Amino acid sequence: MRVFRLALWRLAASLPTLLLILAGMFLLLQLAPGDTVDALMAQMGGGDAALAEELRRFYGLDLGIAAQLWNYLVRLATLDLGFSAIYGKPVATVILERLPPTILLMAAALSFAFFFGLVLGVVAARRVNKWPDTLISTLGLVFYATPSFWFGLMAIVLFSVYLQWLPAGGFTDITQSYTGIAAVLDIAQHLVLPTLTLGLIFLAIYLRIMRASMLEVLSLDFVRTARAKGLTETRVVAKHVLRNAMLPMVTLIGLQAGTMLGGSVVVESVFALPGLGRLAYESVVQRDLNTLLGIVFVSALLVISINFLVDILYARLDPRISAGS
Amino acid sequence: MRALKAYARSPSALIGSAILIALLVMGLGASWFYPNDPLGLAGRPLQWPGANPRFPLGTDPSGRDIAAQLFHGARISLLIGFVATSIAVVIGIAIGAVAGFYGGAIDTALMRLTEAFQTLPNFLLLLVLVAVFGSTMETVTVAIGLVSWPPVARLTRAEFLSLRTREFVQACRVQGLGDAHLILREVLPNALPPVIVYASVVMAVAILLESALAFLQLSDPNVPSWGNLIGLGRNVLRTEWYVSAIPGVAILLTILGVSLVGQGLNDALNPRLAGSR
């Protein structure tokens, strides 16, 4: 329970951060040319100044900026993100519709990067400075340097156009209406390439961190003790080293959560996935600032909750943390 | 001198430097190699590389020379990468130094700000900045700098926290030297090496951010950017995939060069760690 309290305390500490982000974003978007009413009027096909005035009063846009900010924050507290003039729906509804593909993609990419980063990092560290290590480290460098959107395009050329193994984009096959297990398999098939594309750079980062942290832990005294007990090398790694060496990787998940969400903007655009990232791109192109602000809010919430989960996981892996504080 | 020797001994540093020097030559000599406007019409569109000796890398969907765009794009990528990195490093050092040196309430406030920037996905913030301030090359460069400073600030702060209580700093304090002198002349030079190494990561990320933005056609359309070309090639991906493939290789090599130089700098400036990597 201490672990949970500690994580909750961290969660509470991130509230001022969230407030700072929202206030900063709100003020920033005040600088943008045009407001919701302009967008609405444009969609209605124009109108006179009196109507614009009326609408501004209706949406509370005739108040001072401080009052508007206060109103916005109060509405946010009730999870009212405003209305999207472009989609003709409340922003919260638009975002909720787009959230599942993004969360699925992020979870898949993270698992892929974490698992293979771990395995490759361990293999490289156990054969340090021999050819497997050199090969894996070089691969890591190249993966790190590969722009994700370019990798995605090339994967489409190879796997969708030439080999025709996997679909080139989209979230489901719109020509079929699958149900049950077939629908799950269909979505999984559509997510293979996006997952590889988004996960590649994180795989490179994780394998590098895992290798370095394995090497560090392998040189510690307790490992020598374990070896002196006569344990086999595999047992030493699996039972004694792995758990300790994983800690930096777990920290990294929290630190990289925002980067991953940002990366999904590009990946979702490449593969035409109807997710949050693509929504962000569309709302920039269409100047739908209400939606953009909503996405910023939801992304910040998402990053904060991922960090909350990481805190709990971290404390489970390392009992010293919950005992220490 | 010792650091320079260590740098020259590291193979990754040599390969990285070679790549970056080649790119620099490409970028600086772009107007000499390809004096015509790289975004102007050069020939029949969509000629495959090698099909026409005048265009060794082929032409894009608008009939523009891909090789010319590659050379001029090197200039743009390096320029944006360098300027954005400088902006990020200056902001990061300023905030990290003040936070780490003074501590207390100032530190808390500045770290809250840093946290706010780190909680927000940097690409999303970049999109917002571009949506608000437009997408000329200048605003894009400044925006990339503005979203990239938080890790630099954290690193600088950590260095300052460990350095500010050392004897040599206290000795200067006793001599009655001002805070500005202490920060700029005493602590900062000692805190710089890891920050310089980290600047290579910032530069790699900055170049990737710019190319991703250009790929989405949200960067300046009037400059020959690699990302732009990849985005244009997307429309003909199924048949003429080389239009997207070629500039992608250029980006890959650039990031590789920057990372390798960073690794070399790390080996040279942190000799303690050199053995373990």
# chains A, B, ... in the order shown; residues from 1 in each chain; ligands from 1
>>> residues_around(residues="B:Met26", least_positions_apart="3", cutoff="9 Å", atoms="only C-alpha atoms", output="ChimeraX atom specification")
/B:21-23,29-30,33,70-72,74-75
>>> write_last_selection(atoms="C-alpha atoms", output="CSV table (one decimal), in the first residue's frame")
chain,number,residue,atom,x,y,z
B,21,ILE,CA,32.2,16.7,-43.5
B,22,ALA,CA,30.8,15.2,-46.7
B,23,LEU,CA,27.4,16.7,-45.9
B,29,GLY,CA,28.8,23.7,-52.4
B,30,ALA,CA,25.2,23.2,-53.3
B,33,PHE,CA,27.2,22.0,-58.0
B,70,LEU,CA,19.4,16.5,-52.1
B,71,PHE,CA,22.4,18.9,-52.2
B,72,HIS,CA,20.3,22.0,-51.3
B,74,ALA,CA,21.7,19.1,-46.9
B,75,ARG,CA,22.2,22.9,-46.4
>>> interface_residues(of="chain B", to="chain A", cutoff="6 Å", atoms="only C-alpha atoms", output="list in words")
Ala116, Thr119, Leu120, Pro121, Phe123, Leu124, Ala131, Val132, Gly248, Leu252, Ile255 and Leu256 of chain B
>>> write_last_selection(atoms="C-alpha atoms", output="tab-separated table (two decimals), in the first residue's frame")
chain	number	residue	atom	x	y	z
B	116	ALA	CA	5.38	20.87	-18.10
B	119	THR	CA	4.85	16.09	-20.14
B	120	LEU	CA	3.65	17.54	-23.42
B	121	PRO	CA	4.69	15.41	-26.41
B	123	PHE	CA	5.96	16.89	-31.64
B	124	LEU	CA	2.47	17.92	-30.55
B	131	ALA	CA	-0.43	26.20	-36.26
B	132	VAL	CA	-0.20	29.47	-34.34
B	248	GLY	CA	15.33	9.07	-46.58
B	252	LEU	CA	19.50	8.35	-42.11
B	255	ILE	CA	21.52	11.26	-38.11
B	256	LEU	CA	24.05	8.42	-38.12
>>> residues_around(residues="A:Thr172", least_positions_apart="2", cutoff="10 Å", atoms="only C-alpha atoms", output="tab-separated table (two decimals) with N, CA and C atoms, in the first residue's frame")
chain	number	residue	atom	x	y	z
A	167	PRO	N	-1.67	-5.28	-45.11
A	167	PRO	CA	-2.37	-4.11	-45.65
A	167	PRO	C	-1.51	-2.85	-45.53
A	169	GLY	N	-2.53	0.27	-45.05
A	169	GLY	CA	-2.98	1.31	-44.13
A	169	GLY	C	-4.38	1.03	-43.64
A	170	GLY	N	-4.87	1.92	-42.79
A	170	GLY	CA	-6.20	1.77	-42.23
A	170	GLY	C	-6.16	0.95	-40.94
A	174	ILE	N	-12.29	-2.31	-44.55
A	174	ILE	CA	-13.64	-1.75	-44.63
A	174	ILE	C	-14.51	-2.50	-45.64
A	175	THR	N	-13.91	-3.39	-46.45
A	175	THR	CA	-14.73	-4.12	-47.41
A	175	THR	C	-15.39	-5.34	-46.76
A	176	GLN	N	-14.88	-5.74	-45.58
A	176	GLN	CA	-15.45	-6.91	-44.89
A	176	GLN	C	-16.05	-6.43	-43.58
A	177	SER	N	-17.00	-7.19	-43.05
A	177	SER	CA	-17.47	-6.88	-41.70
A	177	SER	C	-17.24	-8.10	-40.82
A	178	TYR	N	-16.06	-8.13	-40.23
A	178	TYR	CA	-15.70	-9.26	-39.38
A	178	TYR	C	-16.33	-9.10	-38.01
A	183	ALA	N	-12.33	-10.25	-36.35
A	183	ALA	CA	-12.15	-8.81	-36.28
A	183	ALA	C	-10.85	-8.47	-35.56
A	184	VAL	N	-10.57	-9.20	-34.48
A	184	VAL	CA	-9.34	-8.98	-33.72
A	184	VAL	C	-8.12	-9.24	-34.61
A	185	LEU	N	-8.18	-10.38	-35.35
A	185	LEU	CA	-7.06	-10.72	-36.23
A	185	LEU	C	-6.89	-9.67	-37.31
A	186	ASP	N	-8.02	-9.16	-37.82
A	186	ASP	CA	-7.98	-8.14	-38.86
A	186	ASP	C	-7.26	-6.89	-38.36
A	187	ILE	N	-7.64	-6.42	-37.17
A	187	ILE	CA	-7.00	-5.23	-36.60
A	187	ILE	C	-5.51	-5.50	-36.35
A	188	ALA	N	-5.23	-6.70	-35.81
A	188	ALA	CA	-3.83	-7.05	-35.53
A	188	ALA	C	-3.00	-6.98	-36.81
A	189	GLN	N	-3.57	-7.49	-37.90
A	189	GLN	CA	-2.87	-7.49	-39.17
A	189	GLN	C	-2.58	-6.06	-39.63
A	190	HIS	N	-3.55	-5.17	-39.40
A	190	HIS	CA	-3.36	-3.78	-39.80
A	190	HIS	C	-2.35	-3.06	-38.92
A	191	LEU	N	-2.13	-3.59	-37.71
A	191	LEU	CA	-1.25	-2.88	-36.78
A	191	LEU	C	0.20	-3.36	-36.84
A	273	LEU	N	-4.19	5.66	-39.96
A	273	LEU	CA	-4.88	5.11	-38.80
A	273	LEU	C	-5.75	6.21	-38.18
A	274	PRO	N	-7.01	5.93	-37.90
A	274	PRO	CA	-7.88	6.96	-37.33
A	274	PRO	C	-7.63	7.14	-35.84
>>> residues_around(residues="A:Ile65", least_positions_apart="5", cutoff="10 Å", atoms="only C-alpha atoms", output="ChimeraX atom specification")
/A:26-27,30,70-71
>>> residues_around(residues="B:Glu210", least_positions_apart="4", cutoff="8 Å", atoms="only C-alpha atoms", output="ChimeraX atom specification")
/B:77,80,140-141,144,206,214,219,227
>>> residues_around(residues="B:Gly262", least_positions_apart="5", cutoff="10 Å", atoms="only C-alpha atoms", output="JSON list (two decimals) with N, CA and C atoms, in the first residue's frame")
[["chain", "number", "residue", "atom", "x", "y", "z"],
["B", 12, "SER", "N", 34.33, 5.38, -34.31],
["B", 12, "SER", "CA", 33.01, 5.93, -34.58],
["B", 12, "SER", "C", 33.11, 7.43, -34.85],
["B", 13, "ALA", "N", 34.01, 8.10, -34.11],
["B", 13, "ALA", "CA", 34.18, 9.54, -34.32],
["B", 13, "ALA", "C", 34.67, 9.82, -35.74],
["B", 16, "GLY", "N", 31.85, 9.17, -38.26],
["B", 16, "GLY", "CA", 30.86, 10.24, -38.10],
["B", 16, "GLY", "C", 31.35, 11.55, -38.67],
["B", 17, "SER", "N", 32.62, 11.91, -38.36],
["B", 17, "SER", "CA", 33.16, 13.16, -38.88],
["B", 17, "SER", "C", 33.20, 13.14, -40.39],
["B", 196, "ILE", "N", 27.76, 19.29, -24.00],
["B", 196, "ILE", "CA", 28.19, 19.29, -25.40],
["B", 196, "ILE", "C", 27.90, 17.93, -26.03],
["B", 197, "VAL", "N", 28.21, 16.86, -25.27],
["B", 197, "VAL", "CA", 27.92, 15.53, -25.80],
["B", 197, "VAL", "C", 26.43, 15.38, -26.07],
["B", 198, "TYR", "N", 25.62, 15.88, -25.13],
["B", 198, "TYR", "CA", 24.18, 15.72, -25.29],
["B", 198, "TYR", "C", 23.65, 16.55, -26.46],
["B", 199, "ALA", "N", 24.36, 17.65, -26.78],
["B", 199, "ALA", "CA", 23.92, 18.50, -27.90],
["B", 199, "ALA", "C", 23.82, 17.70, -29.19],
["B", 200, "SER", "N", 24.64, 16.64, -29.33],
["B", 200, "SER", "CA", 24.56, 15.83, -30.54],
["B", 200, "SER", "C", 23.22, 15.11, -30.61],
["B", 201, "VAL", "N", 22.72, 14.66, -29.46],
["B", 201, "VAL", "CA", 21.40, 14.02, -29.44],
["B", 201, "VAL", "C", 20.33, 15.05, -29.81],
["B", 203, "MET", "N", 20.67, 17.64, -31.64],
["B", 203, "MET", "CA", 20.75, 17.96, -33.06],
["B", 203, "MET", "C", 20.11, 16.85, -33.89],
["B", 204, "ALA", "N", 20.36, 15.59, -33.53],
["B", 204, "ALA", "CA", 19.75, 14.48, -34.25],
["B", 204, "ALA", "C", 18.23, 14.58, -34.17],
["B", 256, "LEU", "N", 22.98, 9.35, -38.47],
["B", 256, "LEU", "CA", 24.05, 8.42, -38.12],
["B", 256, "LEU", "C", 25.35, 9.18, -37.86],
["B", 257, "GLY", "N", 25.68, 10.12, -38.77],
["B", 257, "GLY", "CA", 26.89, 10.93, -38.61],
["B", 257, "GLY", "C", 26.88, 11.70, -37.31],
["B", 267, "ASP", "N", 33.38, 9.56, -25.78],
["B", 267, "ASP", "CA", 34.59, 8.81, -25.45],
["B", 267, "ASP", "C", 35.74, 9.74, -25.12],
["B", 268, "ALA", "N", 35.81, 10.87, -25.84],
["B", 268, "ALA", "CA", 36.94, 11.78, -25.67],
["B", 268, "ALA", "C", 36.81, 12.61, -24.41]]
>>> atom_distance(atom1="atom CA of B:Gly96", atom2="atom CA of B:Leu184")
12.5 Å
>>> select_by_dssp(residues="stretch 131-260 of chain A", states="helix (DSSP H, G or I)", output="PyMOL selection string")
chain A and resi 131-145+148-162+181-218+221-228+233-260
>>> residues_around(residues="A:Ile253", least_positions_apart="5", cutoff="12 Å", atoms="only C-alpha atoms", output="ChimeraX atom specification")
/A:106-107,109-111,113-114,202-203,205-206,209,246-248,258-261,303-311,313-314
>>> select_by_dssp(residues="stretch 74-244 of chain A", states="strand (DSSP E)", output="ChimeraX atom specification")
/A:83-84,89-90
>>> decode(residues="stretch 139-199 of chain A", atoms="C-alpha atoms", output="short mmCIF file (atom, residue, chain, number, x, y, z; two decimals), in the first residue's frame")
data_model
loop_
_atom_site.label_atom_id
_atom_site.label_comp_id
_atom_site.auth_asym_id
_atom_site.auth_seq_id
_atom_site.Cartn_x
_atom_site.Cartn_y
_atom_site.Cartn_z
CA LEU A 139 21.90 -2.35 -35.83
CA GLY A 140 20.88 -0.21 -32.87
CA LEU A 141 22.74 2.79 -34.29
CA VAL A 142 21.09 2.38 -37.70
CA PHE A 143 17.62 1.92 -36.21
CA TYR A 144 18.12 5.03 -34.11
CA ALA A 145 19.02 7.03 -37.21
CA THR A 146 16.08 5.81 -39.32
CA PRO A 147 13.29 8.38 -39.67
CA SER A 148 10.11 6.51 -38.66
CA PHE A 149 7.91 7.86 -41.45
CA TRP A 150 10.47 6.84 -44.06
CA PHE A 151 10.78 3.35 -42.58
CA GLY A 152 6.98 3.11 -42.68
CA LEU A 153 6.83 4.07 -46.35
CA MET A 154 9.55 1.60 -47.29
CA ALA A 155 7.79 -1.12 -45.30
CA ILE A 156 4.62 -0.40 -47.26
CA VAL A 157 6.54 -0.69 -50.54
CA LEU A 158 8.09 -4.00 -49.52
CA PHE A 159 5.35 -5.77 -47.54
CA SER A 160 2.19 -4.32 -49.06
CA VAL A 161 3.05 -3.48 -52.65
CA TYR A 162 5.61 -6.12 -53.63
CA LEU A 163 5.05 -9.06 -51.28
CA GLN A 164 1.37 -8.20 -50.56
CA TRP A 165 1.60 -9.79 -47.13
CA LEU A 166 0.12 -6.97 -45.09
CA PRO A 167 -2.37 -4.11 -45.65
CA ALA A 168 -0.86 -0.72 -46.51
CA GLY A 169 -2.98 1.31 -44.13
CA GLY A 170 -6.20 1.77 -42.23
CA PHE A 171 -7.36 0.25 -38.95
CA THR A 172 -9.78 -2.39 -40.25
CA ASP A 173 -10.66 -3.89 -43.62
CA ILE A 174 -13.64 -1.75 -44.63
CA THR A 175 -14.73 -4.12 -47.41
CA GLN A 176 -15.45 -6.91 -44.89
CA SER A 177 -17.47 -6.88 -41.70
CA TYR A 178 -15.70 -9.26 -39.38
CA THR A 179 -16.93 -10.15 -35.92
CA GLY A 180 -15.32 -11.81 -32.93
CA ILE A 181 -11.91 -13.37 -33.37
CA ALA A 182 -11.74 -12.52 -37.07
CA ALA A 183 -12.15 -8.81 -36.28
CA VAL A 184 -9.34 -8.98 -33.72
CA LEU A 185 -7.06 -10.72 -36.23
CA ASP A 186 -7.98 -8.14 -38.86
CA ILE A 187 -7.00 -5.23 -36.60
CA ALA A 188 -3.83 -7.05 -35.53
CA GLN A 189 -2.87 -7.49 -39.17
CA HIS A 190 -3.36 -3.78 -39.80
CA LEU A 191 -1.25 -2.88 -36.78
CA VAL A 192 1.86 -4.95 -37.60
CA LEU A 193 3.62 -2.38 -39.79
CA PRO A 194 2.64 0.68 -37.69
CA THR A 195 3.90 -1.10 -34.56
CA LEU A 196 7.27 -1.90 -36.14
CA THR A 197 7.52 1.65 -37.49
CA LEU A 198 6.75 3.39 -34.21
CA GLY A 199 8.72 0.91 -32.09
#
